[in-house]
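Next up, target.cif (mmCIF, C-alpha atoms):
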```cif
data_protein
#
loop_
_atom_site.label_atom_id
_atom_site.label_comp_id
_atom_site.auth_asym_id
_atom_site.auth_seq_id
_atom_site.Cartn_x
_atom_site.Cartn_y
_atom_site.Cartn_z
CA MET D 18 93.98 -5.97 22.33
CA SER D 19 95.46 -9.43 21.67
CA VAL D 20 99.10 -9.89 20.73
CA GLY D 21 99.55 -11.07 17.14
CA ARG D 22 101.07 -14.37 16.10
CA TRP D 23 104.27 -12.80 14.83
CA HIS D 24 104.76 -10.66 17.93
CA GLU D 25 104.39 -13.76 20.09
CA ARG D 26 107.10 -15.49 18.07
CA LEU D 27 109.34 -12.44 18.29
CA ASP D 28 108.90 -12.28 22.07
CA ARG D 29 110.00 -15.93 22.33
CA TYR D 30 113.00 -15.28 20.09
CA LEU D 31 114.13 -12.23 22.07
CA ALA D 32 113.64 -14.06 25.38
CA GLN D 33 115.78 -16.94 24.16
CA ARG D 34 118.58 -14.67 22.93
CA ARG D 35 118.56 -12.56 26.09
CA ALA D 36 118.74 -15.69 28.22
CA LEU D 37 122.04 -16.38 26.41
CA GLY D 38 123.39 -12.99 27.47
CA TYR D 39 122.54 -10.77 24.49
CA LEU D 40 121.04 -7.40 25.43
CA LEU D 41 119.28 -6.76 22.10
CA ALA D 42 117.99 -3.37 23.26
CA SER D 43 117.89 -1.41 20.01
CA GLU D 44 117.71 -4.61 17.96
CA GLY D 45 114.60 -5.75 19.80
CA HIS D 46 112.96 -2.39 19.21
CA GLN D 47 113.75 -2.58 15.48
CA LEU D 48 112.40 -6.10 15.15
CA GLN D 49 109.01 -4.99 16.48
CA SER D 50 108.45 -3.19 13.18
CA LEU D 51 109.37 -6.40 11.32
CA ALA D 52 106.71 -8.24 13.32
CA ASP D 53 104.24 -5.48 12.38
CA LEU D 54 105.02 -5.99 8.71
CA LEU D 55 104.66 -9.77 9.02
CA GLU D 56 101.31 -9.41 10.82
CA GLU D 57 100.09 -7.37 7.86
CA HIS D 58 101.49 -9.38 4.95
CA ALA D 59 101.98 -12.93 6.30
CA ALA D 60 99.30 -13.34 8.97
CA ASN D 61 98.82 -17.02 8.13
CA GLY D 62 101.92 -17.65 6.06
CA SER D 63 105.64 -18.23 6.52
CA PHE D 64 108.60 -15.91 6.77
CA THR D 65 109.99 -15.13 3.30
CA THR D 66 113.11 -13.46 1.96
CA VAL D 67 110.94 -11.04 -0.03
CA LEU D 68 109.31 -9.74 3.16
CA ALA D 69 112.69 -9.59 4.91
CA LEU D 70 114.07 -7.47 2.05
CA ARG D 71 111.01 -5.21 2.10
CA TRP D 72 111.58 -4.56 5.80
CA ALA D 73 115.33 -4.10 5.43
CA ARG D 74 114.84 -1.46 2.75
CA GLN D 75 112.64 0.53 5.14
CA ALA D 76 115.69 1.42 7.27
CA PRO D 77 115.18 5.05 8.37
CA SER D 78 118.61 6.26 7.19
CA GLY D 79 118.27 4.48 3.83
CA SER D 80 122.01 3.74 3.78
CA ASP D 81 123.33 0.48 2.34
CA ILE D 82 124.94 -0.52 5.63
CA ALA D 83 121.71 0.14 7.59
CA GLN D 84 119.70 -2.00 5.18
CA SER D 85 122.27 -4.78 5.37
CA ARG D 86 122.22 -4.71 9.17
CA ARG D 87 118.44 -4.89 9.18
CA LEU D 88 118.51 -7.94 6.92
CA HIS D 89 121.07 -9.51 9.24
CA LEU D 90 118.65 -9.03 12.16
CA ALA D 91 115.82 -10.53 10.12
CA ARG D 92 118.03 -13.50 9.22
CA GLY D 93 118.61 -14.31 12.90
CA PHE D 94 114.86 -14.27 13.53
CA ALA D 95 114.30 -16.47 10.48
CA ARG D 96 116.73 -19.11 11.72
CA PHE D 97 114.79 -19.25 14.97
CA LEU D 98 111.49 -19.64 13.09
CA LEU D 99 112.87 -22.41 10.87
CA VAL D 100 112.93 -24.85 13.81
CA ASP D 101 109.11 -24.89 14.02
CA ASP D 102 108.22 -23.88 10.47
CA PRO D 103 110.03 -25.75 7.66
CA GLY D 104 108.50 -23.32 5.16
CA THR D 105 110.59 -20.45 6.55
CA GLU D 106 113.01 -18.87 4.10
CA VAL D 107 116.32 -17.77 5.65
CA PRO D 108 117.84 -14.87 3.65
CA PRO D 109 121.33 -15.63 2.32
CA GLN D 110 124.24 -14.07 4.15
CA ARG D 111 125.36 -10.67 2.86
CA LEU D 112 122.50 -10.51 0.38
CA LEU D 113 122.65 -6.71 0.69
CA GLY D 114 126.38 -6.49 1.30
CA ARG D 115 128.47 -6.26 4.45
CA THR D 116 126.93 -5.51 7.82
CA HIS D 117 129.91 -3.91 9.53
CA ARG D 118 132.44 -1.22 8.78
CA ARG D 119 134.76 0.87 10.88
CA LEU D 120 134.19 4.58 10.41
CA PRO D 121 137.35 6.70 10.25
CA PRO D 122 137.99 7.98 13.78
CA ARG D 123 137.54 11.69 14.45
CA ILE D 124 140.29 12.64 16.91
CA LEU D 125 139.32 15.64 19.01
CA SER D 126 141.90 18.19 20.08
CA GLU D 127 142.26 19.33 23.69
CA ILE D 128 140.69 22.64 22.69
CA GLU D 129 137.67 20.84 21.21
CA VAL D 130 137.22 18.62 24.26
CA LYS D 131 137.39 21.65 26.55
CA ALA D 132 134.84 23.47 24.39
CA LEU D 133 132.49 20.47 24.54
CA MET D 134 132.70 20.27 28.32
CA GLU D 135 132.12 23.99 28.74
CA ALA D 136 129.18 23.94 26.32
CA ALA D 137 127.69 20.94 28.15
CA ALA D 138 127.27 23.06 31.27
CA ARG D 139 125.00 25.36 29.24
CA LEU D 140 122.71 22.62 27.90
CA HIS D 141 118.99 23.30 28.22
CA PRO D 142 117.59 23.66 30.80
CA ALA D 143 120.28 25.92 32.21
CA GLY D 144 121.95 24.67 35.36
CA SER D 145 120.26 21.27 35.17
CA MET D 146 121.62 17.83 36.01
CA ARG D 147 121.56 17.07 32.29
CA GLY D 148 124.31 19.56 31.56
CA LEU D 149 126.44 18.57 34.54
CA SER D 150 126.09 14.86 33.77
CA MET D 151 127.12 15.38 30.14
CA ARG D 152 130.09 17.49 31.17
CA VAL D 153 131.38 14.80 33.55
CA LEU D 154 130.56 11.94 31.15
CA ILE D 155 132.52 13.58 28.32
CA GLY D 156 135.50 14.10 30.63
CA LEU D 157 135.30 10.50 31.86
CA LEU D 158 135.19 9.02 28.35
CA VAL D 159 138.16 11.00 27.07
CA ALA D 160 140.15 10.28 30.25
CA THR D 161 139.50 6.53 30.38
CA GLY D 162 138.57 5.38 26.88
CA LEU D 163 135.38 3.70 28.13
CA ARG D 164 132.81 2.84 25.50
CA PRO D 165 130.00 5.44 25.70
CA GLY D 166 127.46 2.78 26.64
CA GLU D 167 129.72 1.52 29.42
CA GLY D 168 129.99 5.02 30.85
CA ALA D 169 126.27 5.74 30.60
CA ARG D 170 125.37 2.43 32.28
CA LEU D 171 127.60 2.92 35.32
CA GLY D 172 125.88 2.46 38.65
CA THR D 173 126.80 4.16 41.91
CA ASP D 174 128.28 0.87 43.13
CA ASP D 175 130.53 0.68 40.05
CA VAL D 176 132.44 3.87 40.88
CA ASP D 177 134.90 3.46 43.78
CA THR D 178 136.51 6.84 44.34
CA ALA D 179 138.25 5.61 47.51
CA LYS D 180 140.24 3.05 45.52
CA GLY D 181 140.35 5.17 42.36
CA LEU D 182 138.76 2.70 39.99
CA ILE D 183 135.65 1.85 38.01
CA VAL D 184 134.18 -1.61 37.56
CA VAL D 185 132.65 -2.12 34.12
CA ARG D 186 130.08 -4.84 34.76
CA SER D 187 128.28 -4.83 31.43
CA GLY D 188 130.98 -4.34 28.84
CA LYS D 189 130.93 -5.63 25.27
CA PHE D 190 130.07 -9.35 25.10
CA GLY D 191 129.10 -9.18 28.79
CA HIS D 192 132.70 -9.15 30.04
CA GLU D 193 133.63 -7.38 33.28
CA ARG D 194 136.83 -5.40 33.83
CA VAL D 195 138.37 -2.96 36.30
CA VAL D 196 139.51 0.46 35.03
CA PRO D 197 142.01 2.43 37.20
CA LEU D 198 141.49 6.20 37.26
CA HIS D 199 143.85 9.19 37.32
CA GLU D 200 143.59 11.27 40.49
CA SER D 201 142.19 14.24 38.53
CA THR D 202 139.39 12.01 37.20
CA VAL D 203 138.65 10.77 40.72
CA ALA D 204 138.41 14.37 41.95
CA ALA D 205 135.91 15.24 39.19
CA LEU D 206 133.77 12.19 40.01
CA ILE D 207 133.77 13.03 43.73
CA SER D 208 132.61 16.58 42.97
CA TYR D 209 129.83 15.18 40.78
CA GLN D 210 128.75 12.75 43.49
CA LEU D 211 128.43 15.58 46.01
CA VAL D 212 126.11 17.51 43.70
CA CYS D 213 124.09 14.37 42.85
CA ALA D 214 123.48 13.24 46.39
CA GLY D 215 119.69 13.29 45.97
CA PRO D 216 117.53 10.23 45.20
CA THR D 217 117.09 8.78 41.75
CA ILE D 218 113.82 7.74 40.16
CA GLY D 219 112.55 4.43 38.83
CA ALA D 220 114.18 1.04 38.36
CA GLY D 221 117.54 2.66 37.57
CA GLY D 222 117.69 4.29 41.00
CA LYS D 223 121.37 3.46 41.37
CA ALA D 224 122.44 5.04 38.09
CA PHE D 225 125.59 7.14 38.43
CA PHE D 226 124.75 9.59 35.63
CA ARG D 227 121.31 11.17 35.77
CA ARG D 228 119.07 13.62 34.00
CA GLY D 229 117.31 16.60 35.55
CA ASN D 230 114.24 14.53 36.42
CA GLY D 231 116.30 12.10 38.48
CA LYS D 232 116.05 9.32 35.90
CA PRO D 233 119.15 7.60 34.45
CA LEU D 234 121.07 9.33 31.66
CA GLU D 235 120.78 6.54 29.10
CA ILE D 236 123.02 6.28 26.07
CA ILE D 237 120.26 7.47 23.72
CA HIS D 238 120.00 10.70 25.75
CA ALA D 239 123.77 11.14 25.86
CA ASP D 240 124.12 10.62 22.09
CA TYR D 241 121.43 13.21 21.39
CA ALA D 242 122.94 15.75 23.79
CA PHE D 243 126.39 15.24 22.25
CA ARG D 244 125.02 15.87 18.75
CA CYS D 245 123.40 19.07 20.03
CA LEU D 246 126.74 20.20 21.46
CA CYS D 247 128.59 19.48 18.21
CA ARG D 248 126.01 21.41 16.17
CA THR D 249 126.20 24.35 18.58
CA LEU D 250 130.00 24.41 18.33
CA GLY D 251 130.00 23.88 14.55
CA PHE D 252 132.27 20.83 14.68
CA SER D 253 130.87 19.21 11.53
CA GLY D 254 133.28 20.99 9.23
CA ALA D 255 136.29 21.34 11.48
CA PRO D 256 138.66 20.15 10.21
CA ALA D 257 137.36 20.32 6.65
CA GLY D 258 136.10 17.08 5.18
CA HIS D 259 135.46 15.33 8.50
CA ARG D 260 132.10 13.96 9.58
CA TRP D 261 130.20 14.87 12.73
CA PRO D 262 132.04 13.71 15.86
CA ARG D 263 130.37 10.92 17.84
CA LEU D 264 130.58 10.09 21.53
CA TYR D 265 132.60 7.04 20.47
CA ASP D 266 135.27 9.39 19.09
CA LEU D 267 136.16 10.28 22.68
CA ARG D 268 137.32 6.66 23.09
CA HIS D 269 139.31 6.95 19.86
CA THR D 270 140.82 10.20 21.13
CA PHE D 271 141.93 8.52 24.37
CA VAL D 272 143.65 5.68 22.50
CA CYS D 273 145.38 8.04 20.08
CA ARG D 274 146.73 10.22 22.88
CA ARG D 275 147.97 7.21 24.86
CA LEU D 276 149.80 5.65 21.90
CA LEU D 277 151.35 8.98 20.94
CA ALA D 278 152.47 9.58 24.53
CA TRP D 279 154.21 6.20 24.66
CA HIS D 280 155.83 6.81 21.28
CA GLU D 281 157.07 10.28 22.23
CA ALA D 282 158.44 8.94 25.52
CA GLY D 283 160.45 6.33 23.65
CA GLU D 284 158.42 3.43 25.06
CA SER D 285 157.95 0.20 23.12
CA VAL D 286 154.42 0.48 21.68
CA ASP D 287 154.35 -3.24 20.91
CA ALA D 288 155.18 -4.11 24.53
CA LYS D 289 152.41 -1.85 25.79
CA MET D 290 149.70 -3.08 23.42
CA PRO D 291 148.51 -6.07 25.52
CA TYR D 292 147.99 -3.78 28.51
CA LEU D 293 146.08 -1.24 26.44
CA ALA D 294 143.91 -3.98 24.92
CA ALA D 295 142.99 -5.24 28.41
CA TYR D 296 142.29 -1.71 29.64
CA LEU D 297 139.99 -1.03 26.69
CA GLY D 298 138.20 -4.37 27.01
CA HIS D 299 139.26 -5.60 23.55
CA GLN D 300 138.81 -9.33 23.01
CA LYS D 301 141.39 -9.38 20.20
CA ILE D 302 144.61 -7.40 20.24
CA SER D 303 144.16 -6.80 16.50
CA SER D 304 141.34 -4.42 17.45
CA THR D 305 143.92 -2.33 19.34
CA TYR D 306 146.52 -2.46 16.57
CA TRP D 307 143.84 -1.19 14.16
CA TYR D 308 144.40 2.32 15.55
CA LEU D 309 147.94 2.43 14.16
CA SER D 310 146.63 2.24 10.59
CA ALA D 311 143.29 4.00 11.05
CA ILE D 312 144.48 7.26 12.57
CA PRO D 313 146.71 9.59 10.52
CA GLU D 314 148.22 10.99 13.72
CA LEU D 315 149.73 7.57 14.41
CA MET D 316 151.17 6.90 10.97
CA ASP D 317 154.52 8.31 12.11
CA VAL D 318 154.66 5.51 14.66
CA VAL D 319 154.06 2.95 11.92
CA SER D 320 156.64 4.48 9.56
CA GLU D 321 159.32 4.56 12.25
CA ARG D 322 158.61 0.97 13.22
CA PHE D 323 158.89 -0.08 9.58
CA ALA D 324 162.12 1.88 9.15
CA ALA D 325 163.62 0.11 12.17
CA PHE D 326 162.48 -3.26 10.79
CA ALA D 327 163.93 -2.49 7.35
CA ALA D 328 167.27 -1.45 8.85
CA THR D 329 167.46 -4.73 10.79
CA ALA D 330 166.49 -6.78 7.73
CA GLU D 331 169.32 -5.22 5.68
CA GLN D 332 171.99 -6.35 8.15
CA PRO D 333 173.95 -9.44 7.05
CA LEU D 334 173.22 -12.69 8.90
#
```

What is this structure when it is put down as structure tokens?
Amino acid sequence: MSVGRWHERLDRYLAQRRALGYLLASEGHQLQSLADLLEEHAANGSFTTVLALRWARQAPSGSDIAQSRRLHLARGFARFLLVDDPGTEVPPQRLLGRTHRRLPPRILSEIEVKALMEAAARLHPAGSMRGLSMRVLIGLLVATGLRPGEGARLGTDDVDTAKGLIVVRSGKFGHERVVPLHESTVAALISYQLVCAGPTIGAGGKAFFRRGNGKPLEIIHADYAFRCLCRTLGFSGAPAGHRWPRLYDLRHTFVCRRLLAWHEAGESVDAKMPYLAAYLGHQKISSTYWYLSAIPELMDVVSERFAAFAATAEQPL
């Protein structure tokens, strides 16, 4: 079966973007369906905004943000096509609204984290590597604040238990950083390594986290397992009005606990922020300060800082 004209163009586009350092894993998978649509409706024609909108509105979730993100993906492909085909229409920016929003963080209590880790050990099939890997991954994320994808992608060479650190080689935007570990986290990772001493399967043979079949525990598997755990534990409505927790909320939980600990210890939160930003792999410190306004548990920190500022401002010069 020959590859269609649009799929050939998409392959060239993805190859070019990946050569520049973009992973485009899920994005590349999504764009395959756009190429399918173009093969059917524009076999000998040009890329049009109408077709881009038709594809964007086929987003599985149907949400406004999902449709907008799809159109944003299509727009990037269109700009690539425009170089060779002047008849290409590039959809206007934000034609379907914004493409990004920060969801309110769901901060998990210590009791909830413990329940998740205990439930992970009982994941089907019982006693499998899947359950053990999820248990250790959950503990690692909440103890270090790693992004879920960073944790899932760790290789055996990235975890140095002798020095008590992790090297994140494929962080956001391709940046690398070193993450020091608490001794209790090191002990948990050593125990996991002893159990997982057997060989791994496939190209990801050096993956740190693995499934029962020896293959890497990829982020898509971890996300699904985490949703299963949350449904089993009934976390969707606890506390009332909150959404389902996500793996990413373990990172939010880490940050919240760290900021609260500094505040309660009387430390200067502002002085600590640059260190926390570097530890988390944030490119802009504003991304770290966002937590102070986004998490209700930290609003006391903000109010006290404002009160101190107001008291200073009232003093005569």

Taking all atoms of range 138-151 of chain D that appear in the file, build a box with edges along x, y and z, extend it by 5 Å on every side, and state its centre and edge lengths in Å to one decimal, as JSON.
```
{"center_x": 122.4, "center_y": 20.4, "center_z": 32.0, "size_x": 19.7, "size_y": 21.1, "size_z": 18.1}
```

- Task: Any chance you could resolve the PyMOL selection byres ((chain D and resi 156-167) around 6) against this file and give the residues as a list in words?
- Result: Val153, Leu154, Ile155, Gly168, Ala169, Arg170, Ile236, Leu267, Arg268 and Phe271 of chain D

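If you measure from each of D:Arg118, D:Arg87, D:Arg29, D:Lys301 to Leu51 in chain D using only C-alpha atoms, the closest one turns out to be D:Arg87.
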
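Neighbourhood of point (144.6, 9.1, 22.1): residues with an atom at most 10 Å away, counting all atoms listed in the file, are D:Ile124, D:Leu125, D:Ser126, D:Val159, D:Ala160, D:Gly162, D:Asp266, D:Leu267, D:Arg268, D:His269, D:Thr270, D:Phe271, D:Val272, D:Cys273, D:Arg274, D:Arg275, D:Leu276, D:Leu277, D:Ala278, D:Tyr308, D:Ile312, D:Glu314, D:Leu315.
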
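If you measure from each of D:Glu106, D:Glu25, D:Asp81, D:Asp177 to Gln210 in chain D using all atoms listed in the file, the closest one turns out to be D:Asp177.
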
- Item | Residues selected by the PyMOL selection byres ((chain D and resi 91-104) around 8), written as an MDAnalysis selection string | chainID D and resid 26:27 30 48 51 63:64 69 73 87:90 105:109

Since the input lacks atoms, please generate all heavy atoms for range 297-308 of chain D and provide them as a PDB file, in the frame of the given file.
```
ATOM      1  N   LEU D 297     141.114  -1.424  27.544  1.00  0.00           N
ATOM      2  CA  LEU D 297     139.990  -1.030  26.690  1.00  0.00           C
ATOM      3  C   LEU D 297     138.892  -2.083  26.638  1.00  0.00           C
ATOM      4  O   LEU D 297     137.779  -1.804  26.174  1.00  0.00           O
ATOM      5  CB  LEU D 297     140.494  -0.766  25.267  1.00  0.00           C
ATOM      6  CG  LEU D 297     141.419   0.437  25.091  1.00  0.00           C
ATOM      7  CD1 LEU D 297     142.017   0.441  23.682  1.00  0.00           C
ATOM      8  CD2 LEU D 297     140.687   1.752  25.359  1.00  0.00           C
ATOM      9  N   GLY D 298     139.198  -3.295  27.076  1.00  0.00           N
ATOM     10  CA  GLY D 298     138.200  -4.370  27.010  1.00  0.00           C
ATOM     11  C   GLY D 298     138.135  -5.018  25.645  1.00  0.00           C
ATOM     12  O   GLY D 298     137.111  -5.614  25.289  1.00  0.00           O
ATOM     13  N   HIS D 299     139.230  -4.952  24.854  1.00  0.00           N
ATOM     14  CA  HIS D 299     139.260  -5.600  23.550  1.00  0.00           C
ATOM     15  C   HIS D 299     139.445  -7.105  23.731  1.00  0.00           C
ATOM     16  O   HIS D 299     140.259  -7.552  24.537  1.00  0.00           O
ATOM     17  CB  HIS D 299     140.409  -5.053  22.704  1.00  0.00           C
ATOM     18  CG  HIS D 299     140.125  -3.710  22.110  1.00  0.00           C
ATOM     19  ND1 HIS D 299     141.118  -2.875  21.640  1.00  0.00           N
ATOM     20  CD2 HIS D 299     138.959  -3.043  21.904  1.00  0.00           C
ATOM     21  CE1 HIS D 299     140.586  -1.768  21.167  1.00  0.00           C
ATOM     22  NE2 HIS D 299     139.275  -1.843  21.329  1.00  0.00           N
ATOM     23  N   GLN D 300     138.680  -7.882  22.966  1.00  0.00           N
ATOM     24  CA  GLN D 300     138.810  -9.330  23.010  1.00  0.00           C
ATOM     25  C   GLN D 300     139.973  -9.809  22.142  1.00  0.00           C
ATOM     26  O   GLN D 300     140.567 -10.850  22.394  1.00  0.00           O
ATOM     27  CB  GLN D 300     137.508  -9.988  22.533  1.00  0.00           C
ATOM     28  CG  GLN D 300     136.308  -9.619  23.375  1.00  0.00           C
ATOM     29  CD  GLN D 300     136.511  -9.939  24.840  1.00  0.00           C
ATOM     30  OE1 GLN D 300     136.732 -11.097  25.205  1.00  0.00           O
ATOM     31  NE2 GLN D 300     136.444  -8.940  25.696  1.00  0.00           N
ATOM     32  N   LYS D 301     140.290  -9.043  21.106  1.00  0.00           N
ATOM     33  CA  LYS D 301     141.390  -9.380  20.200  1.00  0.00           C
ATOM     34  C   LYS D 301     142.353  -8.199  20.133  1.00  0.00           C
ATOM     35  O   LYS D 301     141.928  -7.057  19.954  1.00  0.00           O
ATOM     36  CB  LYS D 301     140.865  -9.704  18.802  1.00  0.00           C
ATOM     37  CG  LYS D 301     139.940 -10.905  18.741  1.00  0.00           C
ATOM     38  CD  LYS D 301     139.532 -11.224  17.312  1.00  0.00           C
ATOM     39  CE  LYS D 301     138.674 -10.114  16.715  1.00  0.00           C
ATOM     40  NZ  LYS D 301     138.190 -10.473  15.358  1.00  0.00           N
ATOM     41  N   ILE D 302     143.634  -8.476  20.249  1.00  0.00           N
ATOM     42  CA  ILE D 302     144.610  -7.400  20.240  1.00  0.00           C
ATOM     43  C   ILE D 302     144.674  -6.715  18.870  1.00  0.00           C
ATOM     44  O   ILE D 302     145.096  -5.571  18.744  1.00  0.00           O
ATOM     45  CB  ILE D 302     146.005  -7.917  20.657  1.00  0.00           C
ATOM     46  CG1 ILE D 302     146.888  -6.724  21.074  1.00  0.00           C
ATOM     47  CG2 ILE D 302     146.639  -8.728  19.546  1.00  0.00           C
ATOM     48  CD1 ILE D 302     148.172  -7.136  21.745  1.00  0.00           C
ATOM     49  N   SER D 303     144.199  -7.418  17.827  1.00  0.00           N
ATOM     50  CA  SER D 303     144.160  -6.800  16.500  1.00  0.00           C
ATOM     51  C   SER D 303     143.243  -5.577  16.489  1.00  0.00           C
ATOM     52  O   SER D 303     143.460  -4.643  15.711  1.00  0.00           O
ATOM     53  CB  SER D 303     143.677  -7.818  15.459  1.00  0.00           C
ATOM     54  OG  SER D 303     142.387  -8.315  15.790  1.00  0.00           O
ATOM     55  N   SER D 304     142.233  -5.578  17.359  1.00  0.00           N
ATOM     56  CA  SER D 304     141.340  -4.420  17.450  1.00  0.00           C
ATOM     57  C   SER D 304     142.091  -3.206  17.973  1.00  0.00           C
ATOM     58  O   SER D 304     141.772  -2.062  17.627  1.00  0.00           O
ATOM     59  CB  SER D 304     140.159  -4.727  18.382  1.00  0.00           C
ATOM     60  OG  SER D 304     139.374  -5.779  17.879  1.00  0.00           O
ATOM     61  N   THR D 305     143.112  -3.435  18.801  1.00  0.00           N
ATOM     62  CA  THR D 305     143.920  -2.330  19.340  1.00  0.00           C
ATOM     63  C   THR D 305     144.933  -1.871  18.305  1.00  0.00           C
ATOM     64  O   THR D 305     145.150  -0.666  18.125  1.00  0.00           O
ATOM     65  CB  THR D 305     144.636  -2.785  20.627  1.00  0.00           C
ATOM     66  OG1 THR D 305     143.723  -3.505  21.463  1.00  0.00           O
ATOM     67  CG2 THR D 305     145.154  -1.590  21.401  1.00  0.00           C
ATOM     68  N   TYR D 306     145.543  -2.830  17.603  1.00  0.00           N
ATOM     69  CA  TYR D 306     146.520  -2.460  16.570  1.00  0.00           C
ATOM     70  C   TYR D 306     145.868  -1.711  15.414  1.00  0.00           C
ATOM     71  O   TYR D 306     146.535  -0.987  14.684  1.00  0.00           O
ATOM     72  CB  TYR D 306     147.217  -3.721  16.040  1.00  0.00           C
ATOM     73  CG  TYR D 306     148.479  -4.076  16.792  1.00  0.00           C
ATOM     74  CD1 TYR D 306     148.508  -5.136  17.696  1.00  0.00           C
ATOM     75  CD2 TYR D 306     149.651  -3.337  16.614  1.00  0.00           C
ATOM     76  CE1 TYR D 306     149.658  -5.466  18.392  1.00  0.00           C
ATOM     77  CE2 TYR D 306     150.806  -3.654  17.299  1.00  0.00           C
ATOM     78  CZ  TYR D 306     150.808  -4.722  18.189  1.00  0.00           C
ATOM     79  OH  TYR D 306     151.955  -5.018  18.881  1.00  0.00           O
ATOM     80  N   TRP D 307     144.556  -1.880  15.238  1.00  0.00           N
ATOM     81  CA  TRP D 307     143.840  -1.190  14.160  1.00  0.00           C
ATOM     82  C   TRP D 307     144.076   0.317  14.203  1.00  0.00           C
ATOM     83  O   TRP D 307     144.162   0.980  13.169  1.00  0.00           O
ATOM     84  CB  TRP D 307     142.348  -1.487  14.279  1.00  0.00           C
ATOM     85  CG  TRP D 307     141.472  -0.639  13.405  1.00  0.00           C
ATOM     86  CD1 TRP D 307     141.266  -0.776  12.064  1.00  0.00           C
ATOM     87  CD2 TRP D 307     140.675   0.479  13.811  1.00  0.00           C
ATOM     88  NE1 TRP D 307     140.389   0.188  11.612  1.00  0.00           N
ATOM     89  CE2 TRP D 307     140.013   0.974  12.660  1.00  0.00           C
ATOM     90  CE3 TRP D 307     140.458   1.113  15.030  1.00  0.00           C
ATOM     91  CZ2 TRP D 307     139.151   2.071  12.711  1.00  0.00           C
ATOM     92  CZ3 TRP D 307     139.601   2.199  15.088  1.00  0.00           C
ATOM     93  CH2 TRP D 307     138.963   2.664  13.930  1.00  0.00           C
ATOM     94  N   TYR D 308     144.226   0.869  15.403  1.00  0.00           N
ATOM     95  CA  TYR D 308     144.400   2.320  15.550  1.00  0.00           C
ATOM     96  C   TYR D 308     145.657   2.819  14.845  1.00  0.00           C
ATOM     97  O   TYR D 308     145.697   3.951  14.363  1.00  0.00           O
ATOM     98  CB  TYR D 308     144.444   2.700  17.022  1.00  0.00           C
ATOM     99  CG  TYR D 308     143.091   2.682  17.689  1.00  0.00           C
ATOM    100  CD1 TYR D 308     142.646   1.553  18.370  1.00  0.00           C
ATOM    101  CD2 TYR D 308     142.243   3.782  17.614  1.00  0.00           C
ATOM    102  CE1 TYR D 308     141.395   1.532  18.968  1.00  0.00           C
ATOM    103  CE2 TYR D 308     140.994   3.765  18.209  1.00  0.00           C
ATOM    104  CZ  TYR D 308     140.581   2.634  18.884  1.00  0.00           C
ATOM    105  OH  TYR D 308     139.340   2.612  19.466  1.00  0.00           O
TER     106      TYR D 308
END
```
